[in-house]
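Trainee: Here you go, upload03.tsv (TSV, C-alpha atoms and all ligand atoms):
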chain	number	residue	atom	x	y	z
A	1	MET	CA	9.76	153.89	207.78
A	2	GLN	CA	12.99	154.04	209.75
A	3	GLN	CA	16.04	152.79	207.89
A	4	PHE	CA	19.16	151.32	209.45
A	5	PRO	CA	22.07	149.06	208.51
A	6	THR	CA	22.35	145.42	209.63
A	7	ILE	CA	25.57	143.47	210.16
A	8	TYR	CA	25.28	139.84	208.99
A	9	SER	CA	27.53	137.10	210.29
A	10	ILE	CA	29.03	134.83	207.65
A	11	ASN	CA	26.73	131.88	206.83
A	12	PRO	CA	24.85	130.61	203.75
A	13	ARG	CA	21.70	132.56	204.68
A	14	SER	CA	23.61	135.85	204.82
A	15	PHE	CA	25.07	135.25	201.36
A	16	ARG	CA	21.60	134.41	200.00
A	17	ARG	CA	20.23	137.63	201.47
A	18	CYS	CA	23.11	139.71	200.07
A	19	LYS	CA	22.77	138.08	196.66
A	20	GLN	CA	19.04	138.93	196.62
A	21	GLN	CA	19.85	142.53	197.52
A	22	ILE	CA	22.50	142.90	194.82
A	23	LEU	CA	20.31	141.30	192.14
A	24	LYS	CA	17.40	143.59	192.94
A	25	GLY	CA	19.57	146.69	192.63
A	26	GLU	CA	20.34	147.31	196.29
A	27	LEU	CA	23.78	147.91	197.82
A	28	VAL	CA	25.74	145.52	200.06
A	29	ALA	CA	28.87	146.33	202.11
A	30	PHE	CA	31.54	143.63	202.17
A	31	PRO	CA	35.02	143.22	203.67
A	32	THR	CA	38.15	143.07	201.51
A	33	GLU	CA	41.79	142.71	202.54
A	34	THR	CA	42.15	146.50	202.25
A	35	VAL	CA	39.02	148.33	203.40
A	36	TYR	CA	35.26	147.70	203.23
A	37	GLY	CA	33.56	148.09	199.84
A	38	LEU	CA	30.07	149.45	199.13
A	39	GLY	CA	28.97	147.11	196.37
A	40	ALA	CA	26.39	147.12	193.57
A	41	ASN	CA	25.74	145.01	190.48
A	42	ALA	CA	28.18	146.58	188.01
A	43	PHE	CA	25.73	146.19	185.13
A	44	ASP	CA	22.80	147.87	186.86
A	45	PRO	CA	23.31	151.62	186.25
A	46	CYS	CA	20.57	152.56	188.77
A	47	ALA	CA	22.30	150.57	191.47
A	48	VAL	CA	25.68	152.13	190.59
A	49	ASN	CA	24.08	155.59	190.73
A	50	LYS	CA	22.85	154.73	194.21
A	51	ILE	CA	26.51	154.36	195.29
A	52	PHE	CA	27.22	157.93	194.18
A	53	GLU	CA	24.08	159.20	195.91
A	54	TRP	CA	24.67	157.40	199.23
A	55	LYS	CA	28.34	158.39	199.43
A	56	GLY	CA	27.87	161.94	198.14
A	57	ARG	CA	30.56	161.02	195.61
A	58	PRO	CA	31.36	163.44	192.75
A	59	ASN	CA	30.03	161.80	189.61
A	60	ASN	CA	33.32	162.26	187.71
A	61	ASN	CA	34.99	159.70	189.98
A	62	PRO	CA	35.00	156.18	188.45
A	63	ILE	CA	34.35	153.04	190.47
A	64	ILE	CA	36.46	149.87	190.67
A	65	LEU	CA	34.95	146.59	189.43
A	66	HIS	CA	35.64	143.59	191.67
A	67	PHE	CA	35.97	140.18	190.00
A	68	SER	CA	36.80	136.64	191.12
A	69	LYS	CA	38.31	135.09	187.96
A	70	ILE	CA	40.69	136.73	185.48
A	71	ALA	CA	38.59	135.39	182.56
A	72	GLN	CA	35.83	137.80	183.63
A	73	LEU	CA	38.03	140.63	182.32
A	74	ASP	CA	37.84	139.45	178.68
A	75	LYS	CA	34.43	141.01	178.07
A	76	ILE	CA	34.88	144.25	179.97
A	77	THR	CA	38.30	145.24	178.64
A	78	ASN	CA	39.52	146.06	175.16
A	79	LEU	CA	43.29	145.63	175.32
A	80	THR	CA	46.13	145.64	172.81
A	81	LYS	CA	48.26	142.50	172.71
A	82	LEU	CA	50.98	144.09	174.83
A	83	GLU	CA	48.47	145.41	177.37
A	84	THR	CA	46.96	141.91	177.63
A	85	ILE	CA	50.37	140.36	178.27
A	86	ALA	CA	51.22	142.95	180.94
A	87	MET	CA	47.82	142.58	182.60
A	88	HIS	CA	48.26	138.80	182.81
A	89	LEU	CA	51.85	138.96	184.08
A	90	ILE	CA	51.03	141.51	186.77
A	91	GLY	CA	47.68	139.91	187.58
A	92	MET	CA	49.16	136.41	187.96
A	93	GLU	CA	51.63	137.75	190.54
A	94	CYS	CA	49.47	140.20	192.44
A	95	TRP	CA	45.87	138.89	192.29
A	96	PRO	CA	44.03	138.18	194.41
A	97	GLY	CA	45.53	141.13	196.24
A	98	PRO	CA	45.58	144.86	196.98
A	99	LEU	CA	46.07	146.01	193.39
A	100	THR	CA	43.67	147.75	191.00
A	101	LEU	CA	44.59	147.89	187.32
A	102	VAL	CA	43.06	150.66	185.24
A	103	LEU	CA	42.65	149.19	181.75
A	104	ARG	CA	41.09	150.23	178.44
A	105	ALA	CA	37.37	149.44	178.81
A	106	SER	CA	35.08	147.72	176.31
A	107	ASP	CA	31.76	149.26	175.28
A	108	ILE	CA	29.74	147.05	177.59
A	109	VAL	CA	30.99	148.73	180.79
A	110	PRO	CA	28.30	151.20	181.91
A	111	LYS	CA	29.42	154.85	181.79
A	112	GLU	CA	28.25	155.17	185.40
A	113	VAL	CA	31.14	152.86	186.36
A	114	THR	CA	33.85	154.56	184.28
A	115	ALA	CA	32.46	158.07	184.86
A	116	GLY	CA	32.44	158.37	181.06
A	117	LYS	CA	36.16	157.57	180.68
A	118	ASP	CA	37.66	155.02	178.27
A	119	PHE	CA	39.29	153.09	181.11
A	120	VAL	CA	37.96	150.83	183.84
A	121	GLY	CA	39.54	149.95	187.19
A	122	VAL	CA	39.49	146.23	188.09
A	123	ARG	CA	40.62	144.24	191.09
A	124	MET	CA	40.40	140.71	192.52
A	125	PRO	CA	40.25	141.13	196.31
A	126	ASN	CA	42.12	138.67	198.51
A	127	ASP	CA	39.24	137.94	200.84
A	128	SER	CA	37.17	134.76	200.85
A	129	VAL	CA	33.98	136.63	201.79
A	130	ALA	CA	34.35	139.14	198.97
A	131	LEU	CA	35.19	136.40	196.44
A	132	LYS	CA	32.23	134.29	197.53
A	133	LEU	CA	29.87	137.25	197.27
A	134	ILE	CA	31.04	137.91	193.69
A	135	ASP	CA	30.64	134.20	192.79
A	136	GLU	CA	27.20	133.90	194.40
A	137	CYS	CA	25.89	137.00	192.67
A	138	GLY	CA	27.27	135.87	189.30
A	139	CYS	CA	28.09	139.45	188.31
A	140	LEU	CA	30.97	141.84	188.74
A	141	ILE	CA	30.59	144.06	191.77
A	142	ALA	CA	31.23	147.78	191.44
A	143	ALA	CA	32.51	149.06	194.77
A	144	PRO	CA	34.29	152.09	196.16
A	145	SER	CA	35.32	152.23	199.81
A	146	ALA	CA	32.21	152.11	202.03
A	147	ASN	CA	32.52	155.56	203.60
A	148	ILE	CA	30.84	158.90	203.05
A	149	SER	CA	32.90	160.65	200.37
A	150	GLY	CA	36.01	162.34	201.84
A	151	HIS	CA	35.74	160.62	205.23
A	152	CYS	CA	38.26	158.04	206.50
A	153	SER	CA	37.93	154.65	204.80
A	154	PRO	CA	36.16	151.92	206.81
A	155	TYR	CA	38.12	149.11	208.41
A	156	THR	CA	35.34	147.45	210.43
A	157	PRO	CA	31.62	146.76	209.87
A	158	GLU	CA	30.90	149.32	212.60
A	159	HIS	CA	32.72	152.02	210.62
A	160	VAL	CA	30.39	151.28	207.70
A	161	SER	CA	27.26	151.33	209.85
A	162	ASN	CA	28.35	154.63	211.46
A	163	ASP	CA	28.65	156.32	208.06
A	164	PHE	CA	25.43	154.79	206.69
A	165	TYR	CA	23.41	154.78	209.92
A	166	ASN	CA	20.28	155.95	208.08
A	167	ARG	CA	20.31	153.43	205.20
A	168	ASN	CA	18.88	149.95	204.84
A	169	LEU	CA	22.24	148.38	204.15
A	170	CYS	CA	23.33	144.75	204.53
A	171	ILE	CA	26.89	144.64	205.85
A	172	LEU	CA	28.78	141.34	205.80
A	173	ASP	CA	30.80	140.72	208.94
A	174	ASP	CA	34.61	140.73	208.73
A	175	SER	CA	35.49	138.15	211.38
A	176	GLU	CA	36.58	135.47	208.88
A	177	ASN	CA	39.81	137.13	207.68
A	178	LYS	CA	40.31	139.79	210.31
A	179	ASN	CA	44.02	139.21	210.83
A	180	SER	CA	45.11	139.29	207.21
A	181	ARG	CA	44.02	142.81	206.37
A	182	CYS	CA	46.49	145.48	205.25
A	183	GLY	CA	44.16	148.33	206.20
A	184	ILE	CA	44.79	150.85	203.45
A	185	GLU	CA	43.32	150.92	199.96
A	186	SER	CA	44.71	149.05	196.96
A	187	THR	CA	47.48	150.44	194.78
A	188	VAL	CA	45.90	151.83	191.58
A	189	ILE	CA	47.94	151.44	188.40
A	190	LYS	CA	47.00	152.47	184.87
A	191	ILE	CA	48.40	150.43	181.99
A	192	GLU	CA	48.29	151.75	178.43
A	193	GLU	CA	50.26	151.17	175.24
A	194	ILE	CA	51.26	154.69	174.23
A	195	SER	CA	53.37	153.96	171.18
A	196	THR	CA	53.71	150.68	169.34
A	197	HIS	CA	55.29	148.21	171.67
A	198	CYS	CA	55.85	150.50	174.67
A	199	LEU	CA	53.70	150.60	177.77
A	200	LYS	CA	53.06	153.57	179.97
A	201	ILE	CA	52.54	152.48	183.55
A	202	THR	CA	51.17	155.18	185.85
A	203	ILE	CA	50.84	154.68	189.57
A	204	LEU	CA	47.71	156.69	190.30
A	205	ARG	CA	47.46	155.75	193.98
A	206	THR	CA	50.32	154.31	196.03
A	207	GLY	CA	49.79	151.31	198.29
A	208	ILE	CA	51.38	148.18	199.62
A	209	ILE	CA	52.20	146.86	196.12
A	210	GLY	CA	54.92	149.22	194.95
A	211	GLY	CA	56.39	150.44	191.67
A	212	ASN	CA	59.52	148.27	192.12
A	213	ARG	CA	57.47	145.10	192.20
A	214	ILE	CA	55.79	146.05	188.91
A	215	ARG	CA	59.15	147.03	187.37
A	216	LYS	CA	60.61	143.62	188.30
A	217	ILE	CA	57.69	141.68	186.80
A	218	LEU	CA	57.84	143.56	183.48
A	219	LYS	CA	61.65	143.52	183.24
A	220	GLU	CA	61.79	139.79	183.89
A	221	HIS	CA	59.66	139.29	180.78
A	222	ASN	CA	61.41	141.92	178.65
A	223	ILE	CA	58.33	144.10	178.32
A	224	PRO	CA	59.26	147.65	177.24
A	225	PHE	CA	57.69	150.23	179.55
A	226	GLU	CA	57.96	153.64	181.21
A	227	LEU	CA	56.78	153.91	184.78
A	228	GLU	CA	55.80	157.09	186.56
A	229	TYR	CA	53.98	158.18	189.68
A	230	TYR	CA	50.99	160.44	189.42
A	231	THR	CA	51.90	163.08	191.94
A	232	ARG	CA	49.53	165.97	191.44
A	233	LEU	CA	47.75	166.86	194.64
A	234	GLY	CA	45.07	168.57	192.70
A	235	ASN	CA	41.95	170.56	193.21
A	236	GLU	CA	38.85	169.23	191.50
A	237	GLU	CA	39.82	170.50	188.07
A	238	SER	CA	43.46	169.46	187.91
A	239	ALA	CA	42.75	165.98	189.21
A	240	MET	CA	40.83	164.85	186.14
A	241	ASP	CA	43.13	161.91	185.40
A	242	CYS	CA	42.44	160.41	188.76
A	243	PRO	CA	39.51	162.26	190.30
A	244	GLY	CA	39.74	160.21	193.46
A	245	GLN	CA	43.03	161.90	194.30
A	246	LEU	CA	41.62	165.14	195.61
A	247	PHE	CA	43.69	166.94	198.19
A	248	ARG	CA	41.21	166.61	201.05
A	249	HIS	CA	40.50	162.92	201.49
A	250	TYR	CA	40.48	160.22	204.15
A	251	ALA	CA	39.75	163.03	206.58
A	252	PRO	CA	38.35	162.89	210.10
A	253	MET	CA	35.48	165.19	211.05
A	254	ILE	CA	37.70	167.54	213.08
A	255	PRO	CA	40.88	169.26	211.81
A	256	ALA	CA	44.04	167.15	211.72
A	257	TYR	CA	47.66	168.43	211.78
A	258	ILE	CA	50.96	166.69	211.19
A	259	GLU	CA	53.50	167.49	213.91
A	260	GLN	CA	56.63	169.01	212.35
A	261	HIS	CA	59.60	170.96	213.76
A	262	ASP	CA	60.18	173.33	210.86
A	263	THR	CA	56.72	174.72	210.29
A	264	LYS	CA	55.39	178.18	210.98
A	265	ASP	CA	52.10	177.29	212.69
A	266	VAL	CA	52.59	176.65	216.38
A	267	ILE	CA	50.56	175.46	219.36
A	268	ARG	CA	51.54	175.97	223.01
A	269	ASN	CA	51.60	172.73	224.93
A	270	GLY	CA	49.31	174.37	227.48
A	271	LEU	CA	46.54	174.21	224.87
A	272	LEU	CA	46.93	170.51	224.13
A	273	HIS	CA	44.10	169.64	226.51
A	274	ASN	CA	41.75	170.33	223.55
A	275	PHE	CA	43.60	167.93	221.25
A	276	VAL	CA	43.89	164.22	220.64
A	277	ILE	CA	47.47	163.14	219.89
A	278	ILE	CA	48.08	160.18	217.61
A	279	GLY	CA	51.61	158.85	217.94
A	280	ALA	CA	53.46	155.77	216.72
A	281	ASN	CA	56.02	153.74	218.64
A	282	GLY	CA	55.75	156.24	221.48
A	283	SER	CA	56.23	159.45	219.48
A	284	LEU	CA	54.95	162.49	221.44
A	285	GLY	CA	54.26	160.06	224.30
A	286	GLU	CA	55.84	162.59	226.71
A	287	LEU	CA	52.72	164.75	226.12
A	288	LYS	CA	50.31	161.96	227.10
A	289	HIS	CA	49.15	163.73	230.23
A	290	ARG	CA	48.81	167.15	228.66
A	291	CYS	CA	46.40	166.17	225.86
A	292	LEU	CA	42.79	165.03	225.88
A	293	LYS	CA	43.69	161.54	224.73
A	294	TYR	CA	46.82	159.87	223.40
A	295	ILE	CA	46.50	156.95	220.97
A	296	ASP	CA	49.46	154.94	219.66
A	297	LEU	CA	49.27	153.39	216.18
A	298	GLY	CA	51.86	150.65	216.86
A	299	ILE	CA	55.54	150.12	216.24
A	300	SER	CA	55.83	149.51	212.50
A	301	ILE	CA	54.51	151.05	209.31
A	302	LEU	CA	52.42	147.89	208.83
A	303	ASP	CA	50.72	148.63	212.18
A	304	VAL	CA	50.13	152.22	211.05
A	305	ALA	CA	48.46	150.99	207.85
A	306	LYS	CA	46.23	148.58	209.79
A	307	ASN	CA	45.23	151.06	212.44
A	308	ILE	CA	45.25	154.48	210.85
A	309	TYR	CA	41.58	154.70	209.84
A	310	SER	CA	40.26	153.10	213.04
A	311	VAL	CA	42.36	155.46	215.15
A	312	LEU	CA	41.34	158.56	213.18
A	313	ARG	CA	37.70	157.53	213.55
A	314	LEU	CA	38.22	156.99	217.27
A	315	ALA	CA	39.95	160.36	217.65
A	316	GLU	CA	37.22	162.36	215.91
A	317	ARG	CA	34.69	160.98	218.41
A	318	VAL	CA	36.53	161.97	221.57
A	319	ASP	CA	34.28	164.39	223.49
A	320	ASN	CA	35.35	168.05	223.27
A	321	ALA	CA	38.23	167.34	220.88
A	322	LYS	CA	39.01	170.42	218.76
A	323	GLY	CA	41.66	168.78	216.64
A	324	ILE	CA	44.06	165.90	216.12
A	325	ILE	CA	47.88	166.09	216.06
A	326	ILE	CA	49.68	163.21	214.37
A	327	SER	CA	53.33	162.15	214.59
A	328	VAL	CA	54.65	158.92	213.05
A	329	LYS	CA	58.38	159.73	213.28
A	330	ASN	CA	59.51	156.94	215.60
A	331	LEU	CA	58.62	153.97	213.43
A	332	ASP	CA	60.83	150.92	213.09
A	333	GLU	CA	62.65	150.93	209.77
A	334	PHE	CA	60.68	149.38	206.93
A	335	THR	CA	62.89	147.41	204.58
A	336	ASP	CA	60.53	146.08	201.91
A	337	LYS	CA	61.80	147.92	198.85
A	338	ASP	CA	59.11	146.40	196.64
A	339	SER	CA	56.42	148.21	198.57
A	340	ASP	CA	55.38	151.86	198.47
A	341	LEU	CA	53.80	151.67	201.90
A	342	ASP	CA	55.88	154.58	203.28
A	343	MET	CA	54.79	156.78	200.43
A	344	ALA	CA	51.18	155.63	200.74
A	345	ILE	CA	51.00	156.44	204.46
A	346	HIS	CA	52.62	159.83	203.88
A	347	ASP	CA	50.04	160.49	201.15
A	348	LYS	CA	47.10	159.53	203.42
A	349	LEU	CA	48.42	161.75	206.22
A	350	MET	CA	48.90	164.70	203.84
A	351	ARG	CA	45.36	164.33	202.60
A	352	CYS	CA	43.71	163.76	205.96
A	353	SER	CA	45.36	166.95	207.27
A	354	GLU	CA	44.94	168.86	203.99
A	355	GLY	CA	48.70	169.47	204.20
A	356	HIS	CA	48.49	171.35	207.54
A	357	SER	CA	51.42	170.92	209.87
A	358	ILE	CA	52.00	172.28	213.36
A	359	LYS	CA	54.90	172.69	215.82
A	360	ILE	CA	54.34	172.16	219.53
A	361	ILE	CA	56.11	174.79	221.70
A	362	GLN	CA	56.49	175.41	225.45
B	401	LIG	O1	41.17	148.84	198.19
B	401	LIG	C1	40.38	149.40	197.43
B	401	LIG	O2	40.72	149.78	196.29
B	401	LIG	C2	38.95	149.62	197.92
B	401	LIG	C3	38.26	148.25	198.04
B	401	LIG	C4	36.82	148.38	198.44
B	401	LIG	O3	38.40	147.56	196.84
B	401	LIG	N1	38.25	150.47	197.00
B	401	LIG	C5	38.49	151.79	196.89
B	401	LIG	O4	37.66	152.45	195.99
B	401	LIG	O5	39.35	152.36	197.54
B	401	LIG	P1	37.56	154.04	195.92
B	401	LIG	O6	36.53	154.35	194.92
B	401	LIG	O7	37.38	154.57	197.27
B	401	LIG	O8	38.96	154.46	195.32
B	401	LIG	C6	39.27	154.04	193.99
B	401	LIG	C7	40.28	154.95	193.36
B	401	LIG	C8	39.73	156.35	193.19
B	401	LIG	O9	40.79	157.26	193.46
B	401	LIG	C9	39.35	156.40	191.71
B	401	LIG	O10	39.45	157.72	191.18
B	401	LIG	C10	40.38	155.46	191.09
B	401	LIG	O11	40.58	154.44	192.07
B	401	LIG	N2	39.84	154.84	189.88
B	401	LIG	C11	38.90	153.88	189.78
B	401	LIG	N3	38.59	153.62	188.49
B	401	LIG	C12	39.39	154.43	187.76
B	401	LIG	C13	39.52	154.68	186.36
B	401	LIG	N4	38.77	154.04	185.47
B	401	LIG	N5	40.41	155.63	185.97
B	401	LIG	C14	41.15	156.31	186.87
B	401	LIG	N6	41.05	156.14	188.22
B	401	LIG	C15	40.18	155.22	188.65
B	402	MG	MG	37.61	155.76	198.83
Render the structure in this file as structure tokens.
Ligand code: TXA
Ligand code: MG
Mentor:
Amino acid sequence: MQQFPTIYSINPRSFRRCKQQILKGELVAFPTETVYGLGANAFDPCAVNKIFEWKGRPNNNPIILHFSKIAQLDKITNLTKLETIAMHLIGMECWPGPLTLVLRASDIVPKEVTAGKDFVGVRMPNDSVALKLIDECGCLIAAPSANISGHCSPYTPEHVSNDFYNRNLCILDDSENKNSRCGIESTVIKIEEISTHCLKITILRTGIIGGNRIRKILKEHNIPFELEYYTRLGNEESAMDCPGQLFRHYAPMIPAYIEQHDTKDVIRNGLLHNFVIIGANGSLGELKHRCLKYIDLGISILDVAKNIYSVLRLAERVDNAKGIIISVKNLDEFTDKDSDLDMAIHDKLMRCSEGHSIKIIQ
């Protein structure tokens, strides 16, 4: 029998259908304020395994649990007093929102979710559709981004159906909160008490909620902590702490390069007719007529975050394109010092290009 995904508009019947699917161990794709999630009942190990199978996800990569009320964390976490205080302080300020906390897990969390680790990632998404789905199902929803592993994250229901074109997948429509999306994945932060009365805060994945915001919250309440960024751009083995942070990630299906002046790899502008150029605020716009297609991400870093995955997915589908060249140098200055958005975008671009840069010459 032929299998294909279906996009459901938001109404009570769609939620009933999605609830049925989740409770019988099937997967459902749902919008969040960051990217689409591919969800399963967190307490159904077979359903969680299906996520790994469908995505082609390495099974050492843990999955985030999505919840709708902080009280739901009591049973699935096993925190020290200080960790509990920090979780509440940070959670009260940032949830619902684009933040995942990685916390010491209790025994009831299936090892399929934690990938056998002692910690579990949790997040309350700021999206009424996602929250309603969690409430209707009455269970926590385990969900990674709804893309084939390694590919660009999905921003629209069509991105999800393109990646899972051969699966019977219910996809909830995103029209309800379309304008309030930030477009890139949540910040992932691990909290652990390393010595009595001192927390270690590790930013495993940067995002719109930045380290400064977390520092402020903890300082205001006199919580002793050390904060560091997990920076290793690892291969499979060295990335064990955060297996999702592999070097190649968020990548389009054709090679991508970051345009840079001081790099040794060069391309003659006469060869640009094989390339799609992605600019921002007009960068490389002077080459518009020399390349196969020119796409602009917008004027600010917030536009880049919103559009980056859609534009990369558009670029990889341009007929005869051999590669993509990206330049985001012209952006308006971003002044929100509590956000790590600059760092997050840089990180996504590094990963989508596998660190390859190129200089355009005459
Ligand atoms: O915005 C988001 O976070 C989206 C939406 C759907 O919620 N989800 C998402 O999931 O991006 P995923 O699986 O694509 O990325 C989650 C990241 C991965 O890098 C994973 O390794 C890390 O979070 N992570 C999850 N649980 C973890 C844990 N227990 N320990 C360490 N890292 C964890
Ligand atoms: Mg992902």
Trainee: What are the nearest atom pairs, with distances in Å to one decimal, for all residues of chain A that come at most 6 Å from ligand LIG 401 (chain B), using only C-alpha atoms and all ligand atoms, set out by chain and rising residue number as CSV?
Mentor:
residue,atom,partner,partner_atom,distance
A:Thr34,CA,B:LIG401,O1,4.8
A:Val35,CA,B:LIG401,C3,5.4
A:Tyr36,CA,B:LIG401,C4,5.1
A:Gly37,CA,B:LIG401,C4,3.6
A:Asn61,CA,B:LIG401,O10,5.0
A:Pro62,CA,B:LIG401,N3,4.4
A:Ile63,CA,B:LIG401,C11,4.7
A:Ile64,CA,B:LIG401,C11,4.8
A:Val102,CA,B:LIG401,N4,5.5
A:Thr114,CA,B:LIG401,N4,5.1
A:Phe119,CA,B:LIG401,N4,4.5
A:Val120,CA,B:LIG401,N4,3.7
A:Gly121,CA,B:LIG401,N3,4.0
A:Ala143,CA,B:LIG401,C4,5.7
A:Pro144,CA,B:LIG401,O4,3.4
A:Ser145,CA,B:LIG401,O7,4.0
A:Glu185,CA,B:LIG401,O1,3.5
A:Ser186,CA,B:LIG401,O1,3.8
A:Val188,CA,B:LIG401,O11,5.9
A:Cys242,CA,B:LIG401,N6,4.5
A:Pro243,CA,B:LIG401,O10,4.6
A:Gly244,CA,B:LIG401,O9,3.1
A:Gln245,CA,B:LIG401,O9,5.2
Trainee: Please write out, as AutoDock Vina command-line options, where the centre of an axis-aligned box around all listed atoms of stretch 195-203 of chain A lies and how long its edges are, in Å to one decimal, after adding 4 Å on each side.
Mentor:
--center_x 53.3 --center_y 151.7 --center_z 179.5 --size_x 13.0 --size_y 15.0 --size_z 28.2
Trainee: Using all atoms listed in the file, can you tell me which of A:Glu112, A:Glu26, A:Asp173, A:Asp118 comes closest to A:Ser14?
Mentor: A:Asp173
Trainee: Hey, which of A:Thr77, A:Asn41, A:Asn147, A:Gln20 ends up closest to ligand MG 402 (chain B)? Count all atoms listed in the file.
Mentor: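 So, comparing all the options, the nearest one is A:Asn147.
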Trainee: One decimal, in Å: what's the spacing between atom CA of A:Leu271 and atom CA of A:Val311?
Mentor: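 Between atom CA of A:Leu271 and atom CA of A:Val311 the gap works out to 21.5 Å.
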Trainee: Quick one: of A:Lys55, A:His159, A:Lys322, A:Lys117, who's nearest to ligand MG 402 (chain B), counting all atoms listed in the file?
Mentor: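 Once distances to ligand MG 402 (chain B) are computed over all atoms listed in the file, the minimum belongs to A:Lys55.
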Trainee: Within 7 Å of A:Arg181, counting all atoms listed in the file, which residues qualify if same-chain residues fewer than 2 places away don't, as a list in words?
Mentor: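 Answer for this query is Glu33, Thr34, Lys178, Asn179 and Gly183 of chain A.
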Trainee: Within 6 Å of A:Phe67, counting only C-alpha atoms, which residues qualify if same-chain residues fewer than 2 places away don't, as a ChimeraX atom specification?
Mentor: /A:69,124,140
Trainee: With C-alpha atoms retained, write the just-selected residues as a PDB file, keeping the file's coordinate frame.
Mentor:
ATOM      1  CA  LYS A  69      38.310 135.090 187.960  1.00  0.00           C
ATOM      2  CA  MET A 124      40.400 140.710 192.520  1.00  0.00           C
ATOM      3  CA  LEU A 140      30.970 141.840 188.740  1.00  0.00           C
TER       4      LEU A 140
END
Trainee: Closest to ligand MG 402 (chain B) among A:Asn330, A:Ser149, A:Asn269, A:Thr206, using only C-alpha atoms and all ligand atoms?
Mentor: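 For ligand MG 402 (chain B), the nearest of the candidates is A:Ser149.
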Trainee: Could you give me, as a PyMOL selection string, the residues within 8 Å of stretch 345-358 of chain A, counting all atoms listed in the file and dropping anything in the same chain fewer than 6 positions from it?
Mentor: chain A and resi 152+246-252+255-261+263-267+304-305+325
Trainee: Store the residues picked out above, limited to C-alpha atoms, as a short mmCIF file (atom, residue, chain, number, x, y, z; two decimals), in the frame of the given file.
Mentor:
data_model
loop_
_atom_site.label_atom_id
_atom_site.label_comp_id
_atom_site.auth_asym_id
_atom_site.auth_seq_id
_atom_site.Cartn_x
_atom_site.Cartn_y
_atom_site.Cartn_z
CA CYS A 152 38.26 158.04 206.50
CA LEU A 246 41.62 165.14 195.61
CA PHE A 247 43.69 166.94 198.19
CA ARG A 248 41.21 166.61 201.05
CA HIS A 249 40.50 162.92 201.49
CA TYR A 250 40.48 160.22 204.15
CA ALA A 251 39.75 163.03 206.58
CA PRO A 252 38.35 162.89 210.10
CA PRO A 255 40.88 169.26 211.81
CA ALA A 256 44.04 167.15 211.72
CA TYR A 257 47.66 168.43 211.78
CA ILE A 258 50.96 166.69 211.19
CA GLU A 259 53.50 167.49 213.91
CA GLN A 260 56.63 169.01 212.35
CA HIS A 261 59.60 170.96 213.76
CA THR A 263 56.72 174.72 210.29
CA LYS A 264 55.39 178.18 210.98
CA ASP A 265 52.10 177.29 212.69
CA VAL A 266 52.59 176.65 216.38
CA ILE A 267 50.56 175.46 219.36
CA VAL A 304 50.13 152.22 211.05
CA ALA A 305 48.46 150.99 207.85
CA ILE A 325 47.88 166.09 216.06
#
Trainee: Extract, using only C-alpha atoms, all DNA, RNA and protein residues at most 12 Å from A:Glu93, discarding same-chain residues fewer than 2 positions from it, and format them as a ChimeraX atom specification.
Mentor: /A:86-91,95-99,124,209,213-214,216-218
Trainee: Can you pull out every residue within 8 Å of A:Asp127, counting only C-alpha atoms, but drop anything in the same chain fewer than 5 positions away, and send it as a PDB file with C-alpha atoms, in the frame of the given file?
Mentor:
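Printed below is result21.pdb as written:
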ATOM      1  CA  PRO A  31      35.020 143.220 203.670  1.00  0.00           C
ATOM      2  CA  THR A  32      38.150 143.070 201.510  1.00  0.00           C
ATOM      3  CA  GLU A  33      41.790 142.710 202.540  1.00  0.00           C
ATOM      4  CA  ASN A 177      39.810 137.130 207.680  1.00  0.00           C
TER       5      ASN A 177
END
Trainee: Would you please work out which residue, of A:Ile51, A:Asn281, A:Leu82, A:Pro5, is nearest to A:His221 when using all atoms listed in the file?
Mentor: A:Leu82
Trainee: Find the residues with any atom within 9 Å of (59.4, 151.2, 182.0); use all atoms listed in the file and the coordinates as given in the file, and write the answer as number ranges by chain.
Mentor: A: 198-201, 215, 218-219, 223-228
Trainee: From the list A:Leu272, A:Asn320, A:Lys75, A:Tyr155, which residue is nearest ligand MG 402 (chain B) when using all atoms listed in the file?
Mentor: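 Once distances to ligand MG 402 (chain B) are computed over all atoms listed in the file, the minimum belongs to A:Tyr155.
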